[in-house]
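What follows is query11.txt (compact mmCIF, C-alpha atoms).
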```txt
# COMPACT_ATOMS: atom_id res chain seq x y z
CA MET E 15 87.18 101.38 105.17
CA LYS E 16 88.29 100.72 101.60
CA VAL E 17 92.00 99.93 101.49
CA SER E 18 94.53 99.16 98.77
CA VAL E 19 97.93 97.51 98.95
CA ILE E 20 100.62 98.86 96.63
CA GLY E 21 103.31 96.21 96.26
CA ALA E 22 101.33 93.24 97.52
CA THR E 23 103.68 90.44 96.48
CA GLY E 24 106.48 90.85 99.02
CA TYR E 25 106.35 88.93 102.28
CA ALA E 26 105.09 91.97 104.19
CA GLY E 27 102.43 92.64 101.54
CA ALA E 28 101.18 89.07 101.65
CA GLU E 29 101.13 89.13 105.44
CA LEU E 30 99.16 92.37 105.31
CA LEU E 31 96.57 90.71 103.08
CA ARG E 32 96.28 87.83 105.58
CA LEU E 33 95.60 90.27 108.42
CA LEU E 34 93.24 92.52 106.45
CA TYR E 35 91.12 89.52 105.39
CA GLN E 36 90.00 88.99 108.97
CA HIS E 37 89.67 92.70 109.80
CA PRO E 38 85.95 93.49 110.22
CA GLN E 39 86.29 97.13 109.12
CA ALA E 40 88.63 96.78 106.11
CA GLU E 41 87.72 95.95 102.51
CA VAL E 42 90.64 95.40 100.12
CA VAL E 43 89.74 97.05 96.78
CA HIS E 44 93.06 97.12 94.89
CA ILE E 45 96.31 95.16 95.06
CA THR E 46 99.27 95.96 92.81
CA SER E 47 102.49 94.48 91.51
CA GLU E 48 104.56 95.76 88.61
CA SER E 49 106.30 92.41 88.08
CA HIS E 50 103.15 90.27 88.30
CA THR E 51 100.45 92.53 86.80
CA GLY E 52 97.46 90.52 85.62
CA GLU E 53 98.24 87.46 87.75
CA LYS E 54 96.08 86.21 90.59
CA ILE E 55 97.57 86.81 94.03
CA ALA E 56 96.72 83.21 95.00
CA SER E 57 98.93 81.91 92.19
CA LEU E 58 101.91 83.55 93.93
CA TYR E 59 100.77 82.86 97.49
CA PRO E 60 98.69 79.67 97.50
CA HIS E 61 97.85 80.09 101.19
CA LEU E 62 95.50 82.88 100.06
CA ARG E 63 93.61 80.50 97.73
CA GLY E 64 89.85 80.82 98.12
CA LEU E 65 90.27 83.97 100.21
CA TYR E 66 91.44 86.50 97.62
CA ASP E 67 90.22 86.00 94.04
CA MET E 68 91.87 89.22 92.89
CA GLU E 69 94.20 90.08 90.04
CA LEU E 70 97.24 92.20 90.65
CA GLU E 71 97.07 95.60 88.98
CA SER E 72 99.70 98.11 87.94
CA MET E 73 100.17 101.20 90.09
CA LYS E 74 100.45 103.33 86.94
CA ASP E 75 96.87 104.51 87.49
CA ILE E 76 97.58 105.45 91.11
CA GLU E 77 95.14 108.37 91.05
CA ARG E 78 92.23 105.98 90.34
CA ILE E 79 93.40 103.68 93.14
CA GLY E 80 93.63 106.65 95.48
CA LYS E 81 90.12 107.82 94.62
CA ASP E 82 88.74 104.35 95.39
CA SER E 83 90.55 104.07 98.74
CA ASP E 84 90.32 105.51 102.24
CA PHE E 85 93.80 104.14 103.02
CA VAL E 86 96.69 103.02 100.84
CA PHE E 87 99.30 100.66 102.29
CA ILE E 88 102.64 100.77 100.47
CA GLY E 89 104.89 97.72 100.50
CA LEU E 90 107.54 98.89 98.02
CA PRO E 91 111.34 99.02 98.33
CA HIS E 92 112.78 102.32 99.59
CA GLY E 93 112.76 105.15 97.09
CA HIS E 94 109.44 104.18 95.50
CA ALA E 95 106.83 105.14 98.11
CA MET E 96 107.60 108.83 97.59
CA GLU E 97 106.25 108.55 94.03
CA VAL E 98 102.95 107.28 95.42
CA GLY E 99 102.93 109.89 98.18
CA ARG E 100 103.39 112.77 95.76
CA ALA E 101 100.70 111.44 93.41
CA LEU E 102 98.16 111.19 96.25
CA ALA E 103 99.16 114.40 98.04
CA GLY E 104 96.07 116.34 96.96
CA MET E 105 93.58 113.57 97.77
CA PRO E 106 91.89 112.77 101.10
CA VAL E 107 93.28 109.21 101.04
CA ARG E 108 95.74 108.44 103.86
CA ILE E 109 98.95 106.46 103.51
CA ILE E 110 100.76 103.86 105.61
CA ASP E 111 104.20 103.15 104.18
CA LEU E 112 105.82 99.90 105.32
CA GLY E 113 109.15 101.02 103.85
CA ALA E 114 111.67 103.65 104.94
CA ASP E 115 110.73 106.67 102.83
CA TYR E 116 108.63 108.42 105.48
CA ARG E 117 110.32 107.26 108.70
CA PHE E 118 112.76 110.15 109.11
CA SER E 119 111.99 113.66 110.27
CA ASP E 120 115.30 114.79 108.73
CA THR E 121 115.38 113.77 105.06
CA GLU E 122 119.13 114.42 104.91
CA VAL E 123 119.62 111.49 107.30
CA TYR E 124 117.50 109.34 105.00
CA GLU E 125 119.55 110.37 101.97
CA ALA E 126 122.85 109.71 103.75
CA TRP E 127 121.92 106.15 104.70
CA TYR E 128 119.71 105.09 101.76
CA HIS E 129 121.71 106.85 99.01
CA VAL E 130 118.70 108.10 97.06
CA PRO E 131 117.30 111.64 96.93
CA HIS E 132 114.18 112.27 99.01
CA THR E 133 111.65 113.73 96.58
CA HIS E 134 108.80 114.43 99.01
CA THR E 135 110.47 116.51 101.70
CA ASP E 136 107.34 118.57 102.47
CA ALA E 137 105.22 115.49 103.26
CA GLU E 138 103.24 115.70 106.50
CA ARG E 139 104.33 112.44 108.11
CA VAL E 140 104.70 110.81 111.49
CA TYR E 141 106.74 107.85 112.69
CA GLY E 142 104.55 104.78 112.95
CA LEU E 143 105.65 103.08 116.15
CA ALA E 144 102.19 102.74 117.67
CA GLU E 145 102.91 102.58 121.40
CA LEU E 146 105.13 105.68 121.35
CA TYR E 147 103.50 107.92 118.73
CA ARG E 148 99.83 107.09 119.16
CA GLU E 149 98.55 110.66 119.43
CA GLN E 150 100.39 111.82 116.29
CA ILE E 151 99.23 108.76 114.33
CA LYS E 152 95.55 109.55 115.00
CA THR E 153 95.49 112.48 112.56
CA ALA E 154 98.47 111.77 110.29
CA LYS E 155 98.18 111.99 106.52
CA ILE E 156 101.23 109.76 106.03
CA ILE E 157 102.43 107.18 108.56
CA GLY E 158 105.98 105.87 108.14
CA ASN E 159 105.64 102.38 109.61
CA ALA E 160 108.59 101.56 111.90
CA GLY E 161 111.11 98.98 110.71
CA CYS E 162 111.37 95.46 112.10
CA PHE E 163 114.73 95.63 113.90
CA THR E 164 113.88 99.13 115.04
CA THR E 165 110.52 98.15 116.54
CA ALA E 166 112.12 95.45 118.69
CA SER E 167 115.06 97.64 119.70
CA ILE E 168 113.30 100.96 120.34
CA LEU E 169 110.57 99.31 122.40
CA ALA E 170 113.27 97.57 124.45
CA LEU E 171 115.13 100.79 125.25
CA ALA E 172 112.39 103.44 125.28
CA PRO E 173 111.48 103.24 129.01
CA LEU E 174 115.12 103.59 130.06
CA ALA E 175 115.81 106.47 127.68
CA LYS E 176 112.60 108.29 128.56
CA GLN E 177 113.27 108.05 132.31
CA HIS E 178 116.98 109.00 131.87
CA LEU E 179 118.16 105.82 133.58
CA ILE E 180 120.94 105.01 131.11
CA ASP E 181 123.89 106.70 129.47
CA VAL E 182 122.42 106.78 125.96
CA ASN E 183 125.84 106.87 124.32
CA THR E 184 126.77 103.45 125.72
CA ILE E 185 123.98 101.61 123.88
CA ILE E 186 124.79 98.47 121.92
CA VAL E 187 122.05 96.63 120.03
CA ASP E 188 122.75 93.05 119.01
CA ALA E 189 119.81 91.66 117.03
CA LYS E 190 118.98 88.45 115.18
CA SER E 191 116.39 88.04 112.45
CA GLY E 192 114.76 85.29 110.43
CA VAL E 193 115.44 85.33 106.71
CA SER E 194 112.00 86.63 105.68
CA GLY E 195 113.27 90.05 106.74
CA ALA E 196 115.53 90.01 103.68
CA GLY E 197 112.57 89.77 101.30
CA ARG E 198 111.41 87.16 98.81
CA GLY E 199 113.97 87.88 96.10
CA ALA E 200 116.61 85.24 95.37
CA LYS E 201 119.99 86.01 96.91
CA GLN E 202 123.02 83.76 97.35
CA ALA E 203 123.22 84.44 101.10
CA ASN E 204 119.61 83.27 101.49
CA HIS E 205 120.06 80.15 99.36
CA PHE E 206 119.25 77.08 101.48
CA PRO E 207 122.77 75.53 101.49
CA GLU E 208 124.24 78.90 102.50
CA LEU E 209 121.66 79.63 105.19
CA TYR E 210 120.93 76.26 106.78
CA ASP E 211 122.99 75.34 109.85
CA ASN E 212 124.63 78.77 109.72
CA PHE E 213 124.60 81.99 111.74
CA ARG E 214 126.27 85.23 110.70
CA ALA E 215 126.39 88.97 111.18
CA TYR E 216 126.01 91.43 108.30
CA ASN E 217 126.13 95.17 107.59
CA VAL E 218 128.18 95.77 110.73
CA ALA E 219 128.31 99.50 111.62
CA LYS E 220 126.31 100.43 108.52
CA HIS E 221 122.83 98.90 108.76
CA ARG E 222 120.12 101.36 107.69
CA HIS E 223 118.02 100.79 110.79
CA THR E 224 120.75 102.39 112.92
CA PRO E 225 119.69 106.04 112.39
CA GLU E 226 116.04 105.10 112.87
CA ILE E 227 116.78 103.74 116.35
CA GLU E 228 118.94 106.79 117.10
CA GLN E 229 116.19 109.19 115.97
CA ALA E 230 113.54 107.71 118.29
CA LEU E 231 115.82 107.41 121.32
CA THR E 232 117.09 110.97 120.80
CA GLU E 233 113.50 112.24 120.85
CA LEU E 234 112.65 110.20 123.94
CA SER E 235 115.73 111.10 125.97
CA GLY E 236 116.29 114.66 124.78
CA GLU E 237 119.95 113.75 124.26
CA LYS E 238 121.76 113.08 120.99
CA VAL E 239 122.09 109.30 120.70
CA LEU E 240 124.94 107.52 118.93
CA LEU E 241 124.91 103.73 119.15
CA ASN E 242 126.23 100.49 117.73
CA PHE E 243 123.77 98.19 115.97
CA THR E 244 124.78 94.77 114.68
CA PRO E 245 122.20 92.58 112.88
CA HIS E 246 122.53 88.82 112.45
CA LEU E 247 120.80 86.35 110.16
CA VAL E 248 119.57 83.08 111.65
CA PRO E 249 118.21 80.04 109.76
CA MET E 250 114.52 80.49 110.53
CA SER E 251 111.75 82.13 108.52
CA ARG E 252 110.25 84.50 111.11
CA GLY E 253 111.22 86.32 114.26
CA ILE E 254 113.56 88.90 115.75
CA LEU E 255 115.35 88.76 119.08
CA SER E 256 117.01 92.02 120.01
CA THR E 257 119.52 92.11 122.88
CA CYS E 258 120.21 95.69 123.98
CA TYR E 259 122.99 96.79 126.35
CA ALA E 260 123.54 100.13 128.11
CA SER E 261 125.35 101.47 131.16
CA LEU E 262 123.10 102.55 134.01
CA LYS E 263 123.51 106.02 135.43
CA GLU E 264 124.90 106.25 138.94
CA GLY E 265 122.38 105.35 141.62
CA VAL E 266 119.96 103.57 139.28
CA THR E 267 118.66 100.39 140.90
CA ALA E 268 117.01 97.26 139.53
CA ASP E 269 113.72 98.44 141.04
CA LEU E 270 113.90 101.73 139.12
CA VAL E 271 114.50 99.83 135.89
CA SER E 272 111.46 97.61 136.49
CA ALA E 273 109.34 100.61 137.42
CA ALA E 274 110.25 102.36 134.15
CA PHE E 275 108.95 99.45 132.08
CA GLU E 276 105.76 99.21 134.09
CA LYS E 277 105.15 102.95 133.82
CA LEU E 278 105.45 103.08 130.02
CA TYR E 279 104.00 99.71 129.05
CA GLY E 280 101.88 98.53 131.97
CA LYS E 281 98.63 99.17 130.09
CA GLU E 282 99.83 98.23 126.59
CA TYR E 283 98.07 95.16 125.24
CA PHE E 284 100.61 94.27 122.56
CA ILE E 285 103.64 94.62 124.82
CA ARG E 286 103.96 91.73 127.24
CA LEU E 287 106.36 92.44 130.08
CA LEU E 288 107.96 89.20 131.19
CA GLY E 289 109.79 91.01 133.97
CA ALA E 290 113.28 91.06 135.43
CA GLY E 291 115.36 87.96 134.79
CA ALA E 292 113.08 86.41 132.14
CA TYR E 293 113.91 85.24 128.62
CA PRO E 294 111.65 86.11 125.67
CA SER E 295 111.81 83.86 122.62
CA THR E 296 110.73 84.29 119.01
CA LYS E 297 108.55 81.17 119.00
CA GLU E 298 106.34 82.62 121.75
CA VAL E 299 105.34 85.59 119.54
CA ARG E 300 105.29 83.82 116.15
CA GLY E 301 102.44 84.95 113.91
CA SER E 302 101.28 87.58 116.42
CA ASN E 303 101.48 91.33 117.00
CA PHE E 304 102.98 90.92 120.48
CA CYS E 305 106.34 92.20 121.64
CA ASP E 306 107.71 90.29 124.62
CA ILE E 307 110.24 92.17 126.77
CA ALA E 308 112.44 91.20 129.73
CA TRP E 309 115.44 92.84 131.38
CA HIS E 310 118.47 91.92 133.46
CA VAL E 311 120.54 94.26 135.62
CA ASP E 312 124.20 93.27 135.85
CA GLU E 313 125.37 94.86 139.09
CA ARG E 314 128.94 93.69 138.48
CA THR E 315 129.33 95.80 135.31
CA GLY E 316 126.68 98.43 136.04
CA ARG E 317 124.84 97.59 132.83
CA VAL E 318 121.27 96.70 131.94
CA ILE E 319 120.51 94.09 129.28
CA VAL E 320 117.05 94.21 127.69
CA LEU E 321 115.69 91.34 125.59
CA SER E 322 112.89 91.92 123.09
CA ALA E 323 111.17 89.38 120.81
CA ILE E 324 108.78 90.06 117.92
CA ASP E 325 107.55 88.45 114.72
CA ASN E 326 109.29 90.58 112.09
CA LEU E 327 106.43 90.22 109.58
CA VAL E 328 103.67 91.09 112.06
CA LYS E 329 104.68 93.51 114.83
CA GLY E 330 107.72 94.38 112.70
CA ALA E 331 105.73 95.12 109.54
CA ALA E 332 102.15 94.20 108.59
CA GLY E 333 100.70 93.90 112.10
CA GLN E 334 102.08 97.24 113.12
CA ALA E 335 100.62 98.72 109.91
CA VAL E 336 97.18 97.39 110.86
CA GLN E 337 97.63 98.66 114.43
CA ASN E 338 98.45 102.11 113.00
CA PHE E 339 95.42 101.83 110.69
CA ASN E 340 93.19 101.12 113.70
CA ILE E 341 94.58 104.10 115.60
CA ALA E 342 94.18 106.41 112.60
CA CYS E 343 90.57 105.27 112.06
CA GLY E 344 89.59 105.47 115.71
CA PHE E 345 88.94 101.71 115.87
CA GLU E 346 89.73 99.47 118.82
CA GLU E 347 93.49 98.99 118.55
CA ARG E 348 93.28 95.19 118.78
CA MET E 349 90.81 94.92 115.87
CA GLY E 350 91.95 92.29 113.39
CA LEU E 351 95.03 91.55 115.50
CA ASP E 352 93.65 89.95 118.64
CA PHE E 353 94.75 86.37 118.12
CA VAL E 354 96.96 83.85 119.89
CA PRO E 355 100.55 83.31 118.64
CA LEU E 356 101.25 80.12 116.68
CA TYR E 357 102.96 77.46 118.76
CA PRO E 358 105.13 75.46 118.42
```
Please, can you express the file's structure as structure tokens?
Amino acid sequence: MKVSVIGATGYAGAELLRLLYQHPQAEVVHITSESHTGEKIASLYPHLRGLYDMELESMKDIERIGKDSDFVFIGLPHGHAMEVGRALAGMPVRIIDLGADYRFSDTEVYEAWYHVPHTHTDAERVYGLAELYREQIKTAKIIGNAGCFTTASILALAPLAKQHLIDVNTIIVDAKSGVSGAGRGAKQANHFPELYDNFRAYNVAKHRHTPEIEQALTELSGEKVLLNFTPHLVPMSRGILSTCYASLKEGVTADLVSAAFEKLYGKEYFIRLLGAGAYPSTKEVRGSNFCDIAWHVDERTGRVIVLSAIDNLVKGAAGQAVQNFNIACGFEERMGLDFVPLYP
């Protein structure tokens, strides 16, 4: 399959190139960057030296790129993928957007949280969280790749919401991410003296991944979900650990909780169930497409606490995009992703 990457110079775009290089059924034909047009990708990311001898193009001739491609991956900031989607709407090329533009079924929710108008409201799109939307992804024209915090959090809570074991309006998600999730651009908060030996919350009660988690859990449970989501920044480059809390419904036992996880994920290769009482960690999934999940039932408070660990650049971005690509193409889902995490 001939694939192109629009916006290849962000961390997710570079990670996508790393994964596509070793994919036996993907040939990268175009890579773009508006800020680095004409430069070699290896001059920006030296780890790709000798692997990609390609110059970055402009996306101004997007129709030509679309004609050359079976799939276009978009790694642009929110608000920009819609331009690409509209330009390619009449072509057979399929799209996987790593940003937020195509994640929401209700574009008014997108506009309320992202503060830009949605200009492609009639797009035929599906939510790209592979384990939960596999059948829809198979035939989708546009796949809105799930976000990083949302992947960790939705996967942690989906079995409990789907089996109606929790009161969905008692959910609290407390998540921590490495700084690569904030992008490659220079920001004071990500400056080494500000970040090192520090740990802080941000965007409390207003993070844009909140409605994305609510949308998926509402669909799974059949009940309107309203939750609290608090992200934190930790001084590491990769990884997300999401700690999710909810009150169990009356009569729900620890065995029922464990059974719900086994029922939904027992046959999923990329979800590794550590079981009741275990402790996932970001280092154990680093560089991989795995999501490690464990759960604890607190009988004293009647709550369940679910822990979920992913690599935000792989399962939370580029790896999930390749997994969705495999599903959409009818390839083995592990193709190009079946490798051991980096450790230590």
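Minimum distance to Gly350 of chain E across E:Arg317, E:Lys16, E:Arg32, E:Arg252 (counting all atoms listed in the file) occurs at E:Arg32.
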Can you write out as a Markdown table which residues of segment 114-177 of chain E fall within 9 Å of segment 70-93 of chain E, alongside each residue's closest atom pair and its distance in Å to one decimal, counting all atoms listed in the file and ordering rows by chain and ascending residue number?
```
| residue | atom | partner | partner_atom | distance |
| --- | --- | --- | --- | --- |
| E:Ala114 | CA | E:His92 | CA | 5.6 |
| E:Asp115 | CA | E:His92 | CA | 5.8 |
| E:Tyr128 | CA | E:His92 | CA | 7.8 |
| E:Val130 | CA | E:Gly93 | CA | 6.6 |
| E:Pro131 | CA | E:Gly93 | CA | 7.9 |
| E:His132 | CA | E:Gly93 | CA | 7.5 |
| E:Thr133 | CA | E:Gly93 | CA | 8.7 |
```
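Atom CA of Asp188 of chain E is positioned 18.6 Å from atom CA of Lys329 of chain E.
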message: For a test of reading the model, state the distance in Å between atom CA of Ser49 of chain E and atom CA of Ala200 of chain E, rounded to one decimal.
response: 14.5 Å
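Taking atom CA of Ala292 of chain E and atom CA of Ser194 of chain E as the two end points, the separation is 26.5 Å.
Candidate residues E:Met96, E:Ala273, E:Ala166, E:Leu351 were compared for distance to Asp136 of chain E, and the nearest is E:Met96, using only C-alpha atoms.
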- prompt: If you count only C-alpha atoms, which residues fall within 9 Å of segment 25-28 of chain E, apart from same-chain ones fewer than 2 positions away, as a ChimeraX atom specification?
  reply: /E:19-23,30-33,55,59,62,87-90,112,194-195,197-198,327-328,331-332
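Closest to Arg348 of chain E among E:Asn242, E:His37, E:Leu234, E:Thr165 is E:His37, based on only C-alpha atoms.
Using all atoms listed in the file, the smallest distance between any of E:Met349, E:Ile341, E:Pro358, E:Thr224 and Ala154 of chain E comes from E:Ile341.
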field: Distance query segment 305-316 of chain E at most 9 Å, only C-alpha atoms, self and fewer than 3 positions along chain excluded, as JSON, numbers by chain
entry: {"E": [165, 166, 169, 170, 260, 261, 262, 263, 264, 267, 268, 271, 272, 284, 285, 286, 287, 288, 289, 290, 291, 292, 293, 294, 295, 296, 298, 299, 302, 319, 320, 321, 322, 323, 324, 325, 329]}
task: Within 10 Å of Gly99 of chain E, counting all atoms listed in the file, which residues show up once you throw out same-chain ones fewer than 4 positions away? Write them as a ChimeraX atom specification, please.
output: /E:76,86,88,94-95,103-104,108-111,115-116,133-134,137,155-156
query: Hey, which of E:Pro60, E:Lys220, E:Leu179, E:Glu208 ends up closest to Asp269 of chain E? Count all atoms listed in the file.
result: E:Leu179
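Shell of segment 189-191 of chain E at 9 Å, with all atoms listed in the file counted and residues fewer than 6 places along the chain excluded, is E:Cys162, E:Phe163, E:Ala166, E:Ser167, E:Ala215, E:Phe243, E:Thr244, E:Pro245, E:His246, E:Leu247, E:Val248, E:Pro249, E:Met250, E:Ser251, E:Arg252, E:Gly253, E:Ile254, E:Leu255, E:Ser256, E:Thr257, E:Cys258, E:Asn326.
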task: Return the single residue from E:Glu276, E:Glu48, E:Glu226, E:Glu41 that is closest to Thr121 of chain E, with distances computed using all atoms listed in the file.
output: E:Glu226
Mind filling out segment 23-38 of chain E with N, CA, C and O atoms and sending it as an mmCIF file, in the frame of the given file?
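So the final result, stored in selection17.cif, reads:
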```
data_model
loop_
_atom_site.group_PDB
_atom_site.id
_atom_site.type_symbol
_atom_site.label_atom_id
_atom_site.label_comp_id
_atom_site.auth_asym_id
_atom_site.auth_seq_id
_atom_site.Cartn_x
_atom_site.Cartn_y
_atom_site.Cartn_z
ATOM 1 N N THR E 23 103.106 91.767 96.687
ATOM 2 C CA THR E 23 103.680 90.440 96.480
ATOM 3 C C THR E 23 104.943 90.177 97.283
ATOM 4 O O THR E 23 105.515 89.095 97.174
ATOM 5 N N GLY E 24 105.396 91.132 98.080
ATOM 6 C CA GLY E 24 106.480 90.850 99.020
ATOM 7 C C GLY E 24 105.924 90.121 100.231
ATOM 8 O O GLY E 24 104.707 89.990 100.411
ATOM 9 N N TYR E 25 106.809 89.638 101.090
ATOM 10 C CA TYR E 25 106.350 88.930 102.280
ATOM 11 C C TYR E 25 105.483 89.815 103.170
ATOM 12 O O TYR E 25 104.463 89.374 103.703
ATOM 13 N N ALA E 26 105.878 91.076 103.338
ATOM 14 C CA ALA E 26 105.090 91.970 104.190
ATOM 15 C C ALA E 26 103.734 92.257 103.555
ATOM 16 O O ALA E 26 102.714 92.335 104.256
ATOM 17 N N GLY E 27 103.700 92.411 102.217
ATOM 18 C CA GLY E 27 102.430 92.640 101.540
ATOM 19 C C GLY E 27 101.484 91.469 101.670
ATOM 20 O O GLY E 27 100.282 91.637 101.921
ATOM 21 N N ALA E 28 102.012 90.263 101.514
ATOM 22 C CA ALA E 28 101.180 89.070 101.650
ATOM 23 C C ALA E 28 100.685 88.899 103.076
ATOM 24 O O ALA E 28 99.532 88.499 103.315
ATOM 25 N N GLU E 29 101.548 89.209 104.040
ATOM 26 C CA GLU E 29 101.130 89.130 105.440
ATOM 27 C C GLU E 29 100.058 90.169 105.743
ATOM 28 O O GLU E 29 99.109 89.910 106.494
ATOM 29 N N LEU E 30 100.181 91.329 105.135
ATOM 30 C CA LEU E 30 99.160 92.370 105.310
ATOM 31 C C LEU E 30 97.814 91.903 104.772
ATOM 32 O O LEU E 30 96.769 92.120 105.410
ATOM 33 N N LEU E 31 97.822 91.235 103.624
ATOM 34 C CA LEU E 31 96.570 90.710 103.080
ATOM 35 C C LEU E 31 95.959 89.670 104.021
ATOM 36 O O LEU E 31 94.735 89.623 104.207
ATOM 37 N N ARG E 32 96.789 88.829 104.613
ATOM 38 C CA ARG E 32 96.280 87.830 105.580
ATOM 39 C C ARG E 32 95.571 88.515 106.743
ATOM 40 O O ARG E 32 94.484 88.098 107.163
ATOM 41 N N LEU E 33 96.176 89.578 107.268
ATOM 42 C CA LEU E 33 95.600 90.270 108.420
ATOM 43 C C LEU E 33 94.350 91.063 108.033
ATOM 44 O O LEU E 33 93.365 91.097 108.775
ATOM 45 N N LEU E 34 94.385 91.710 106.866
ATOM 46 C CA LEU E 34 93.240 92.520 106.450
ATOM 47 C C LEU E 34 92.021 91.655 106.128
ATOM 48 O O LEU E 34 90.877 92.102 106.268
ATOM 49 N N TYR E 35 92.248 90.407 105.711
ATOM 50 C CA TYR E 35 91.120 89.520 105.390
ATOM 51 C C TYR E 35 90.219 89.322 106.593
ATOM 52 O O TYR E 35 88.982 89.229 106.457
ATOM 53 N N GLN E 36 90.806 89.239 107.779
ATOM 54 C CA GLN E 36 90.000 88.990 108.970
ATOM 55 C C GLN E 36 89.682 90.277 109.737
ATOM 56 O O GLN E 36 89.151 90.216 110.853
ATOM 57 N N HIS E 37 89.982 91.429 109.146
ATOM 58 C CA HIS E 37 89.670 92.700 109.800
ATOM 59 C C HIS E 37 88.232 93.089 109.470
ATOM 60 O O HIS E 37 87.869 93.248 108.302
ATOM 61 N N PRO E 38 87.378 93.262 110.482
ATOM 62 C CA PRO E 38 85.950 93.490 110.220
ATOM 63 C C PRO E 38 85.623 94.857 109.622
ATOM 64 O O PRO E 38 84.501 95.054 109.134
#
```
